[in-house]
Structures are given as C-alpha cells and as structure tokens.
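Engineer: So here's target-v1.cif, just mmCIF, C-alpha atoms:
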data_entry
loop_
_atom_site.label_atom_id
_atom_site.label_comp_id
_atom_site.auth_asym_id
_atom_site.auth_seq_id
_atom_site.Cartn_x
_atom_site.Cartn_y
_atom_site.Cartn_z
CA MET R 2 22.75 15.90 7.85
CA ASN R 3 21.14 16.49 4.46
CA THR R 4 18.71 19.38 4.91
CA ILE R 5 15.95 17.43 3.13
CA PHE R 6 15.31 15.69 6.46
CA ALA R 7 14.48 19.06 8.04
CA ASN R 8 11.81 19.87 5.45
CA LYS R 9 8.69 20.96 7.37
CA GLU R 10 6.24 19.57 4.82
CA LEU R 11 8.08 16.26 4.81
CA LYS R 12 7.82 16.22 8.61
CA LYS R 13 4.02 16.33 8.27
CA VAL R 14 4.21 13.26 6.03
CA THR R 15 6.50 11.32 8.36
CA ASP R 16 4.27 12.18 11.34
CA LYS R 17 1.47 10.35 9.51
CA VAL R 18 3.85 7.47 8.76
CA CYS R 19 4.61 7.12 12.48
CA GLU R 20 0.89 7.19 13.29
CA VAL R 21 -0.05 4.56 10.71
CA ALA R 22 2.95 2.36 11.49
CA GLY R 23 1.77 2.32 15.10
CA TYR R 24 -1.75 1.33 14.03
CA LEU R 25 -0.42 -1.52 11.88
CA TRP R 26 1.59 -2.90 14.79
CA GLU R 27 -1.19 -2.50 17.35
CA LYS R 28 -3.67 -4.31 15.10
CA GLY R 29 -1.32 -7.25 14.66
CA TRP R 30 -0.96 -6.60 10.94
CA ALA R 31 2.80 -6.09 11.09
CA GLU R 32 4.40 -9.07 12.77
CA ARG R 33 8.20 -8.84 13.00
CA ASN R 34 9.28 -6.82 9.93
CA ALA R 35 6.06 -7.34 7.95
CA GLY R 36 4.62 -4.56 5.83
CA ASN R 37 6.00 -1.49 4.12
CA ILE R 38 5.03 2.04 3.15
CA SER R 39 6.16 4.27 0.30
CA ILE R 40 5.09 7.80 -0.62
CA ASN R 41 5.94 9.96 -3.63
CA ILE R 42 7.42 13.12 -2.05
CA THR R 43 8.57 14.83 -5.26
CA ASP R 44 6.18 17.79 -4.90
CA ILE R 45 7.08 18.30 -1.23
CA THR R 46 10.82 18.34 -1.91
CA GLN R 47 10.69 20.08 -5.30
CA GLY R 48 12.54 17.01 -6.58
CA ARG R 49 15.85 18.10 -5.08
CA VAL R 50 18.39 16.45 -2.80
CA GLU R 51 21.65 18.10 -1.78
CA ASN R 52 24.89 16.40 -2.85
CA LEU R 53 23.07 13.63 -4.71
CA ALA R 54 26.27 12.70 -6.54
CA SER R 55 27.81 11.64 -3.22
CA TYR R 56 25.35 8.76 -2.85
CA PRO R 57 26.06 5.46 -4.65
CA THR R 58 24.13 4.76 -7.85
CA LYS R 59 22.12 1.53 -8.10
CA GLN R 60 20.45 -0.12 -11.08
CA LEU R 61 16.69 -0.59 -11.33
CA ASN R 62 15.39 -4.00 -12.44
CA VAL R 63 13.48 -2.33 -15.27
CA ALA R 64 13.49 1.19 -16.67
CA LEU R 65 10.81 3.45 -15.17
CA PRO R 66 10.99 6.61 -17.28
CA ALA R 67 7.88 8.19 -15.74
CA LEU R 68 9.71 8.26 -12.38
CA ALA R 69 12.69 10.23 -13.65
CA ASN R 70 13.74 12.78 -10.99
CA ASN R 71 11.06 11.55 -8.58
CA LEU R 72 11.71 11.13 -4.86
CA PHE R 73 10.11 8.56 -2.57
CA PHE R 74 9.89 8.00 1.15
CA VAL R 75 10.33 4.24 1.68
CA THR R 76 10.42 2.15 4.85
CA GLY R 77 13.48 -0.06 5.18
CA THR R 78 13.98 -3.75 4.59
CA GLY R 79 13.99 -5.79 7.78
CA LYS R 80 12.58 -2.86 9.75
CA ARG R 81 9.68 -3.32 12.14
CA MET R 82 6.64 -1.06 11.99
CA ARG R 83 6.80 -0.58 15.76
CA GLU R 84 10.35 0.77 15.23
CA VAL R 85 9.23 3.01 12.36
CA ALA R 86 6.59 4.45 14.72
CA ARG R 87 9.27 5.29 17.30
CA ASP R 88 12.02 6.63 15.00
CA VAL R 89 11.02 7.04 11.39
CA TRP R 90 14.38 8.00 9.85
CA ALA R 91 16.31 5.28 11.67
CA ASN R 92 14.10 2.81 9.80
CA SER R 93 13.36 4.51 6.46
CA SER R 94 15.11 6.29 3.63
CA ILE R 95 14.55 8.41 0.54
CA VAL R 96 14.88 6.80 -2.88
CA VAL R 97 15.79 9.17 -5.71
CA VAL R 98 15.21 7.92 -9.25
CA HIS R 99 17.75 9.51 -11.57
CA GLU R 100 17.03 11.41 -14.76
CA ASP R 101 17.66 8.32 -16.91
CA GLY R 102 14.80 6.44 -15.20
CA LYS R 103 17.10 3.41 -14.98
CA THR R 104 19.12 4.10 -11.85
CA TYR R 105 18.51 5.38 -8.32
CA SER R 106 20.23 6.42 -5.11
CA ILE R 107 19.35 5.82 -1.46
CA VAL R 108 19.52 8.86 0.80
CA SER R 109 19.46 8.20 4.54
CA GLU R 110 19.81 10.48 7.53
CA GLY R 111 22.64 8.45 9.08
CA GLU R 112 23.73 4.96 8.13
CA THR R 113 22.27 3.74 4.85
CA ILE R 114 18.80 2.25 5.32
CA ILE R 115 18.16 -0.21 2.47
CA PRO R 116 14.56 0.14 1.19
CA THR R 117 12.02 -2.67 1.46
CA SER R 118 12.77 -5.82 -0.53
CA GLU R 119 9.49 -5.12 -2.35
CA LEU R 120 10.90 -1.88 -3.80
CA PRO R 121 10.43 -3.15 -7.42
CA THR R 122 6.71 -3.58 -6.76
CA HIS R 123 6.46 -0.19 -5.07
CA LEU R 124 8.26 1.70 -7.83
CA GLY R 125 6.37 -0.13 -10.57
CA LEU R 126 3.10 0.90 -8.96
CA HIS R 127 4.27 4.47 -8.42
CA GLU R 128 5.04 4.67 -12.14
CA VAL R 129 1.46 3.60 -12.85
CA MET R 130 0.18 6.31 -10.50
CA VAL R 131 2.36 8.99 -12.10
CA LYS R 132 1.22 7.97 -15.60
CA ARG R 133 -2.42 8.06 -14.52
CA GLY R 134 -2.08 11.56 -13.16
CA GLY R 135 -4.38 12.40 -10.29
CA LYS R 136 -3.58 12.56 -6.60
CA ASP R 137 -2.53 9.00 -5.72
CA LYS R 138 0.95 9.06 -4.16
CA VAL R 139 0.75 6.56 -1.29
CA LEU R 140 1.28 2.81 -1.17
CA VAL R 141 0.71 0.62 1.89
CA HIS R 142 1.40 -3.10 2.14
CA THR R 143 0.36 -4.92 5.30
CA HIS R 144 -0.94 -8.26 6.60
CA PRO R 145 -4.53 -7.78 7.89
CA ASN R 146 -5.31 -11.00 9.74
CA GLU R 147 -8.89 -11.51 8.67
CA ILE R 148 -8.38 -10.56 5.02
CA VAL R 149 -5.53 -13.07 4.84
CA ALA R 150 -7.77 -15.68 6.51
CA MET R 151 -10.50 -15.10 3.90
CA SER R 152 -7.94 -15.60 1.13
CA LEU R 153 -7.26 -19.08 2.54
CA LEU R 154 -10.88 -20.26 2.18
CA PRO R 155 -11.19 -22.18 -1.12
CA SER R 156 -14.88 -21.27 -1.51
CA ILE R 157 -14.15 -17.53 -1.77
CA ALA R 158 -10.53 -17.49 -2.95
CA ASN R 159 -11.34 -15.66 -6.17
CA GLU R 160 -12.02 -12.04 -7.06
CA LYS R 161 -15.81 -12.18 -7.51
CA ALA R 162 -16.52 -14.27 -4.44
CA ILE R 163 -14.30 -12.33 -2.05
CA ASN R 164 -15.76 -9.02 -3.21
CA ASP R 165 -19.32 -10.26 -2.85
CA ALA R 166 -18.45 -11.39 0.67
CA LEU R 167 -16.68 -8.17 1.68
CA TRP R 168 -19.28 -5.83 0.16
CA GLY R 169 -22.07 -7.86 1.67
CA MET R 170 -20.99 -7.55 5.28
CA HIS R 171 -21.43 -3.82 5.79
CA PRO R 172 -22.75 -0.87 3.71
CA GLU R 173 -19.70 1.20 4.61
CA THR R 174 -17.44 -1.20 2.76
CA TYR R 175 -19.30 -0.74 -0.52
CA ILE R 176 -19.37 3.03 -0.02
CA VAL R 177 -15.66 3.34 0.85
CA VAL R 178 -14.32 0.69 -1.55
CA PRO R 179 -16.76 0.68 -4.51
CA LYS R 180 -14.10 -0.74 -6.86
CA GLY R 181 -13.68 -3.73 -4.57
CA VAL R 182 -10.40 -5.60 -4.26
CA GLY R 183 -8.23 -7.24 -6.84
CA PHE R 184 -7.30 -10.87 -6.16
CA ILE R 185 -4.17 -12.24 -7.83
CA PRO R 186 -2.59 -15.71 -7.84
CA TYR R 187 -0.08 -16.43 -5.11
CA GLU R 188 3.45 -15.32 -5.97
CA VAL R 189 6.65 -15.03 -3.97
CA PRO R 190 6.83 -11.56 -2.35
CA GLY R 191 9.34 -9.10 -3.79
CA THR R 192 9.47 -10.67 -7.26
CA ASP R 193 8.86 -9.10 -10.65
CA GLU R 194 5.98 -11.56 -11.09
CA ILE R 195 3.99 -10.25 -8.13
CA ALA R 196 4.75 -6.69 -9.21
CA ASP R 197 3.41 -7.32 -12.72
CA LEU R 198 0.22 -8.99 -11.47
CA THR R 199 -0.39 -6.22 -8.94
CA ILE R 200 0.14 -3.47 -11.50
CA LYS R 201 -2.41 -5.08 -13.84
CA SER R 202 -4.92 -5.53 -11.01
CA LEU R 203 -4.63 -1.86 -10.01
CA ASP R 204 -5.92 -0.87 -13.44
CA SER R 205 -9.39 -1.44 -11.97
CA HIS R 206 -8.88 -1.53 -8.18
CA ASP R 207 -7.24 0.51 -5.42
CA VAL R 208 -6.61 -2.52 -3.21
CA VAL R 209 -5.13 -5.88 -4.17
CA VAL R 210 -5.26 -9.02 -2.01
CA TRP R 211 -2.12 -11.12 -2.12
CA PRO R 212 -3.52 -14.53 -1.10
CA LYS R 213 -1.82 -16.33 1.78
CA HIS R 214 0.11 -13.12 2.44
CA GLY R 215 -1.60 -9.74 2.83
CA CYS R 216 -2.87 -6.83 0.81
CA LEU R 217 -1.61 -3.68 -0.88
CA ALA R 218 -3.48 -0.38 -1.23
CA ILE R 219 -2.86 2.91 -2.99
CA GLY R 220 -4.32 6.34 -2.32
CA SER R 221 -3.76 10.08 -2.08
CA ASP R 222 -3.37 10.28 1.70
CA LEU R 223 -1.72 7.82 4.06
CA ILE R 224 -4.38 7.94 6.78
CA GLU R 225 -7.19 7.50 4.26
CA THR R 226 -5.36 4.60 2.59
CA PHE R 227 -5.04 2.91 5.98
CA ASP R 228 -8.76 3.55 6.56
CA VAL R 229 -9.65 1.70 3.35
CA ILE R 230 -7.78 -1.41 4.51
CA ASP R 231 -9.28 -1.07 7.99
CA THR R 232 -12.80 -0.89 6.53
CA LEU R 233 -12.23 -3.97 4.38
CA ASN R 234 -10.84 -5.88 7.33
CA LYS R 235 -13.92 -5.00 9.41
CA SER R 236 -16.02 -6.75 6.78
CA ALA R 237 -13.63 -9.71 6.87
CA ILE R 238 -14.04 -9.91 10.65
CA LEU R 239 -17.84 -9.90 10.35
CA TYR R 240 -17.74 -12.59 7.68
CA LEU R 241 -15.54 -14.88 9.76
CA LEU R 242 -17.63 -14.28 12.90
CA CYS R 243 -20.73 -15.47 11.05
CA LYS R 244 -18.88 -18.50 9.68
CA SER R 245 -17.49 -19.35 13.13
CA ALA R 246 -21.07 -19.30 14.46
CA GLY R 247 -21.88 -22.02 11.94
CA GLU R 248 -23.94 -19.76 9.67
CA ASN R 249 -23.50 -18.49 6.14
CA PRO R 250 -23.95 -14.71 6.43
CA GLN R 251 -26.92 -13.14 4.68
CA GLY R 252 -25.17 -10.03 3.44
CA LEU R 253 -26.25 -7.11 1.30
CA GLN R 254 -27.77 -8.26 -1.97
CA GLN R 255 -27.09 -6.70 -5.36
CA ALA R 256 -30.37 -4.74 -5.24
CA GLU R 257 -29.36 -3.27 -1.89
CA ARG R 258 -25.94 -2.32 -3.24
CA ASP R 259 -27.68 -0.66 -6.21
CA VAL R 260 -29.61 1.54 -3.77
CA LEU R 261 -26.34 2.53 -2.09
CA LYS R 262 -24.85 3.32 -5.50
CA VAL R 263 -27.61 5.82 -6.20
CA ALA R 264 -27.74 7.26 -2.68
CA PHE R 265 -23.98 7.88 -2.51
CA LYS R 266 -23.46 8.66 -6.21
CA ILE R 267 -20.99 5.79 -6.65
CA ALA R 268 -19.64 5.68 -10.19
CA ASP R 269 -19.43 2.40 -12.11
#
When written as structure tokens, how does the structure in this file appear?
Structural biologist:
Amino acid sequence: MNTIFANKELKKVTDKVCEVAGYLWEKGWAERNAGNISINITDITQGRVENLASYPTKQLNVALPALANNLFFVTGTGKRMREVARDVWANSSIVVVHEDGKTYSIVSEGETIIPTSELPTHLGLHEVMVKRGGKDKVLVHTHPNEIVAMSLLPSIANEKAINDALWGMHPETYIVVPKGVGFIPYEVPGTDEIADLTIKSLDSHDVVVWPKHGCLAIGSDLIETFDVIDTLNKSAILYLLCKSAGENPQGLQQAERDVLKVAFKIAD
C-alpha cells in the first residue's frame, strides 16, 4: 500500500468525506451514483506520492499549468455516495497532476478507481481556485431535490429570479450565501461546455445551479461547503411549500436585505 493512504492529516479529510457523503445519501441528493467530491490535498501531502512513475500517465483535455504537482482527492465514477460513506478508498482515488500541467496519474489504494466523469470540470475549477489564492480547496456536486425543482419552474429559471426567491425565504440564506447562486444554461454533464460555463459563473459566486440537474459549490472546508448547499435548499423547500399552498411567498424585500447587510457586515 502506498503510504500516502496512511497520512494522518489526510485521514481527517476523508473522515469528513464519509460524513458528508452519508448526509448527501440520507437527504436523497445522491440517487444511485449521483454527485461527486474533490479536494485539493497538496498541502496535506506535501505534494508527494511514492513510486509515482509506476502509475500510468493520462492526458488532460486541456493544459492546467496552475495545477502542476498538485494532488486531489476525488470520488470515483459510478460510485455511490452511500458506498463512499462506508469505505472511502474503495470508492475514491488520488489524482496527481504532473509537472507539465498536461498529464496526470490516478493513485488508488487497491484496484484503480477511475475518478468522476466530471473530472474536467473539477480540475478546471480547482485551477481557478489555485489562481485566486485564498483558502478554497473543496468542490461538491450534488442533486438537492428542491433546488433542482426550482430550476424547472420557467418563472424563476434565471439567475436574478432564483436568487431573489432563495434570499427572500430566510434571513440565514442571505447571511450565509451573500453572493447568491450562479445559474447557467443546461449542458450535458461532464462536458467541456459545462465546465467553461461553471468556471465563468464562479468568478462571482461560490455556488452554481445546473438547471434540470443539480448544483456545484466550492469552499475551504467540506462540512461548511455542504452547509451552504443545505442552507440554500432550506430556502428552496420553503419557497415550494408556499407555492404548493397556492400562495406566492412574501419574502424578504431589498430593504430588509440591506438591513442584514449592515448588521452582518456583508460585503458587496
């Protein structure tokens, strides 16, 4: 076994992965093999993997020079979150981007676990996070039922309307997610097109809704990133409850959000 899998700091990270993977399954946000998680673990591992040359080299779709010599924990393609929660390394692997920024290797504890089919999106977003600097290292993609349902309603299926609806349902949502959510056109999952649109949207947001599909969030800590999605979905639940009662919800108005902005020192 490669000793990287015995790293104590990495174990703390994978314990959180198991916890969050369990939450995603229990909430019904991870049907079958839905959803994926990736985390930049370069600092934890000092960017080193034993016997890296013994692992096959694969080509990246596009060069990602900012990720040269970076390591990532990535859940596997076709793997279920309930299985990740039970046995993380039987359902996940480490992706090592080589020094050229154009190739990578997959390091698994036993048999090779192929990373999520949305790896191009994940790595493209991780490059954005590395270039930005700061603490963001985590990426979570999942299928929150009520957020997806809101994305299917033509009257709010745009960025301004869905943010007004989500912010309006509960003060906590505006406090926790002051940047709101990005909302991109529907694209086939796992494609370069959805990656490009998501990367652009994350210039001004930390969460992006993929209509008819799910959402993707970035952050510095896995539990906190999950909490952001959970908070947004609570607002989505409240919105849909009001609509199912036959009423248009009277949510927080702009003036009320402005008061929150001052009270909680929310930056523009």
Engineer: So how many Å separate CA of Thr117 in chain R and CA of Val96 in chain R, to one decimal?
Structural biologist: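 Computing it gives 10.8 Å between the two atoms.
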Engineer: Nearest residue to Tyr105 in chain R out of R:Lys80, R:His142, R:Lys59, R:Arg87, using only C-alpha atoms?
Structural biologist: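 Between R:Lys80, R:His142, R:Lys59, R:Arg87, the residue approaching Tyr105 in chain R most closely is R:Lys59.
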Engineer: Expressed in Å to a single decimal, how great is the separation between CA of Arg49 in chain R and CA of Glu128 in chain R?
Structural biologist: 18.6 Å
Engineer: Using all atoms listed in the file, which residue out of R:Ala237, R:Val139, R:Ile267, R:Leu126 lies closest to Ile219 in chain R?
Structural biologist: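 Closest residue, counting all atoms listed in the file: R:Val139.
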Engineer: Just the residues within 9 Å of Val229 in chain R, please, counting all atoms listed in the file, with nothing from its chain fewer than 5 positions along; format it as an MDAnalysis selection string.
Structural biologist: chainID R and resid 174 177:178 208 218 224 234
Engineer: Set out as CSV a contact list for range 128-201 of chain R and range 245-254 of chain R with a cut-off of 10 Å, giving each residue of range 128-201 of chain R that qualifies its closest atom pair and distance in Å to one decimal, counting all atoms listed in the file, ordered by chain and rising residue number.
Structural biologist:
residue,atom,partner,partner_atom,distance
R:Asp165,CA,R:Gly252,CA,8.6
R:Ala166,CA,R:Gly252,CA,7.4
R:Leu167,CA,R:Gly252,CA,8.9
R:Trp168,CA,R:Leu253,CA,7.2
R:Gly169,CA,R:Gly252,CA,4.2
R:Met170,CA,R:Gly252,CA,5.2
R:His171,CA,R:Leu253,CA,7.4
R:Pro172,CA,R:Leu253,CA,7.5
R:Tyr175,CA,R:Leu253,CA,9.6
Engineer: Rank nothing, just name the residue among R:His214, R:Lys9, R:Lys17, R:His99 nearest to Val50 in chain R, using only C-alpha atoms.
Structural biologist: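 Under the stated criterion, the closest residue is R:His99.
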Engineer: Can you pull out every residue within 10 Å of Pro121 in chain R, counting only C-alpha atoms, but drop anything in the same chain fewer than 5 positions away, and send it as a list of chain:residue names?
Structural biologist: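 Here the answer would be R:Leu61, R:Asn62, R:Val63, R:Leu126, R:His127, R:Gly191, R:Thr192, R:Asp193, R:Ile195, R:Ala196, R:Asp197.
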Engineer: Which residues match the PyMOL selection byres ((chain R and resi 114) around 9) in the file above, as an MDAnalysis selection string?
Structural biologist: chainID R and resid 76:78 90:95 107:113 115:116
Engineer: Please measure the separation of CA of Thr15 in chain R and CA of Ser236 in chain R, giving the value in Å to one decimal.
Structural biologist: 28.9 Å
Engineer: Counting all atoms listed in the file, note down every residue that has an atom within 12 Å of the point (-2.3, -13.8, -8.4) (file coordinates), as a ChimeraX atom specification.
Structural biologist: /R:152,158-160,183-190,194-202,209-216
Engineer: Emit the selected residues as a short mmCIF file (atom, residue, chain, number, x, y, z; two decimals), keeping the file's coordinate frame, including C-alpha atoms.
Structural biologist:
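Produced file again_35.cif, reproduced below:
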data_model
loop_
_atom_site.label_atom_id
_atom_site.label_comp_id
_atom_site.auth_asym_id
_atom_site.auth_seq_id
_atom_site.Cartn_x
_atom_site.Cartn_y
_atom_site.Cartn_z
CA SER R 152 -7.94 -15.60 1.13
CA ALA R 158 -10.53 -17.49 -2.95
CA ASN R 159 -11.34 -15.66 -6.17
CA GLU R 160 -12.02 -12.04 -7.06
CA GLY R 183 -8.23 -7.24 -6.84
CA PHE R 184 -7.30 -10.87 -6.16
CA ILE R 185 -4.17 -12.24 -7.83
CA PRO R 186 -2.59 -15.71 -7.84
CA TYR R 187 -0.08 -16.43 -5.11
CA GLU R 188 3.45 -15.32 -5.97
CA VAL R 189 6.65 -15.03 -3.97
CA PRO R 190 6.83 -11.56 -2.35
CA GLU R 194 5.98 -11.56 -11.09
CA ILE R 195 3.99 -10.25 -8.13
CA ALA R 196 4.75 -6.69 -9.21
CA ASP R 197 3.41 -7.32 -12.72
CA LEU R 198 0.22 -8.99 -11.47
CA THR R 199 -0.39 -6.22 -8.94
CA ILE R 200 0.14 -3.47 -11.50
CA LYS R 201 -2.41 -5.08 -13.84
CA SER R 202 -4.92 -5.53 -11.01
CA VAL R 209 -5.13 -5.88 -4.17
CA VAL R 210 -5.26 -9.02 -2.01
CA TRP R 211 -2.12 -11.12 -2.12
CA PRO R 212 -3.52 -14.53 -1.10
CA LYS R 213 -1.82 -16.33 1.78
CA HIS R 214 0.11 -13.12 2.44
CA GLY R 215 -1.60 -9.74 2.83
CA CYS R 216 -2.87 -6.83 0.81
#
Engineer: Do you know which residues are at most 12 Å from Leu25 in chain R counting only C-alpha atoms, after dropping those on the same chain fewer than 4 positions away, and could you put them as a VMD selection string?
Structural biologist: chain R and resid 18 to 21 29 to 38 81 to 86 141 to 146 224 227 to 228 230 to 231
Engineer: Go through R:Ala150, R:Pro155, R:Lys138, R:Leu217 and flag the residue nearest Val182 in chain R, using only C-alpha atoms for the distances.
Structural biologist: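 Result for the nearest residue to Val182 in chain R: R:Leu217.
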Engineer: Which is closest to Ala22 in chain R among R:Phe73, R:Pro57, R:Ser39, R:Ile148, if we use all atoms listed in the file?
Structural biologist: R:Ser39
Engineer: Hey, which of R:Ile176, R:Ile5, R:Val129, R:Ile163 ends up closest to Lys266 in chain R? Count all atoms listed in the file.
Structural biologist: R:Ile176
Engineer: For the file shown, report as a PyMOL selection string the outcome of the PyMOL selection byres ((chain R and resi 65) around 7) at residue level.
Structural biologist: chain R and resi 63-64+66-68+102-103+128
Engineer: What would range 23-39 of chain R look like with N, CA and C atoms restored, written as an mmCIF file, in the frame of the given file?
Structural biologist:
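Dumped everything to rebuild-v8.cif:
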data_model
loop_
_atom_site.group_PDB
_atom_site.id
_atom_site.type_symbol
_atom_site.label_atom_id
_atom_site.label_comp_id
_atom_site.auth_asym_id
_atom_site.auth_seq_id
_atom_site.Cartn_x
_atom_site.Cartn_y
_atom_site.Cartn_z
ATOM 1 N N GLY R 23 2.231 2.733 13.775
ATOM 2 C CA GLY R 23 1.770 2.320 15.100
ATOM 3 C C GLY R 23 0.462 1.554 15.031
ATOM 4 N N TYR R 24 -0.480 2.029 14.197
ATOM 5 C CA TYR R 24 -1.750 1.330 14.030
ATOM 6 C C TYR R 24 -1.529 -0.090 13.503
ATOM 7 N N LEU R 25 -0.663 -0.218 12.499
ATOM 8 C CA LEU R 25 -0.420 -1.520 11.880
ATOM 9 C C LEU R 25 0.130 -2.515 12.905
ATOM 10 N N TRP R 26 1.029 -2.037 13.762
ATOM 11 C CA TRP R 26 1.590 -2.900 14.790
ATOM 12 C C TRP R 26 0.543 -3.264 15.848
ATOM 13 N N GLU R 27 -0.194 -2.260 16.297
ATOM 14 C CA GLU R 27 -1.190 -2.500 17.350
ATOM 15 C C GLU R 27 -2.282 -3.465 16.901
ATOM 16 N N LYS R 28 -2.624 -3.430 15.614
ATOM 17 C CA LYS R 28 -3.670 -4.310 15.100
ATOM 18 C C LYS R 28 -3.162 -5.722 14.829
ATOM 19 N N GLY R 29 -1.867 -5.933 14.953
ATOM 20 C CA GLY R 29 -1.320 -7.250 14.660
ATOM 21 C C GLY R 29 -1.153 -7.519 13.181
ATOM 22 N N TRP R 30 -1.105 -6.459 12.383
ATOM 23 C CA TRP R 30 -0.960 -6.600 10.940
ATOM 24 C C TRP R 30 0.493 -6.475 10.489
ATOM 25 N N ALA R 31 1.410 -6.352 11.435
ATOM 26 C CA ALA R 31 2.800 -6.090 11.090
ATOM 27 C C ALA R 31 3.730 -6.886 11.991
ATOM 28 N N GLU R 32 3.542 -8.201 11.969
ATOM 29 C CA GLU R 32 4.400 -9.070 12.770
ATOM 30 C C GLU R 32 5.866 -8.926 12.310
ATOM 31 N N ARG R 33 6.763 -8.970 13.279
ATOM 32 C CA ARG R 33 8.200 -8.840 13.000
ATOM 33 C C ARG R 33 8.453 -7.658 12.055
ATOM 34 N N ASN R 34 8.990 -7.926 10.856
ATOM 35 C CA ASN R 34 9.280 -6.820 9.930
ATOM 36 C C ASN R 34 8.274 -6.771 8.782
ATOM 37 N N ALA R 35 7.064 -7.276 9.016
ATOM 38 C CA ALA R 35 6.060 -7.340 7.950
ATOM 39 C C ALA R 35 5.557 -5.945 7.581
ATOM 40 N N GLY R 36 5.240 -5.787 6.317
ATOM 41 C CA GLY R 36 4.620 -4.560 5.830
ATOM 42 C C GLY R 36 5.616 -3.505 5.414
ATOM 43 N N ASN R 37 5.158 -2.587 4.580
ATOM 44 C CA ASN R 37 6.000 -1.490 4.120
ATOM 45 C C ASN R 37 5.138 -0.351 3.594
ATOM 46 N N ILE R 38 5.721 0.815 3.576
ATOM 47 C CA ILE R 38 5.030 2.040 3.150
ATOM 48 C C ILE R 38 5.951 2.809 2.213
ATOM 49 N N SER R 39 5.399 3.330 1.142
ATOM 50 C CA SER R 39 6.160 4.270 0.300
ATOM 51 C C SER R 39 5.252 5.413 -0.116
#
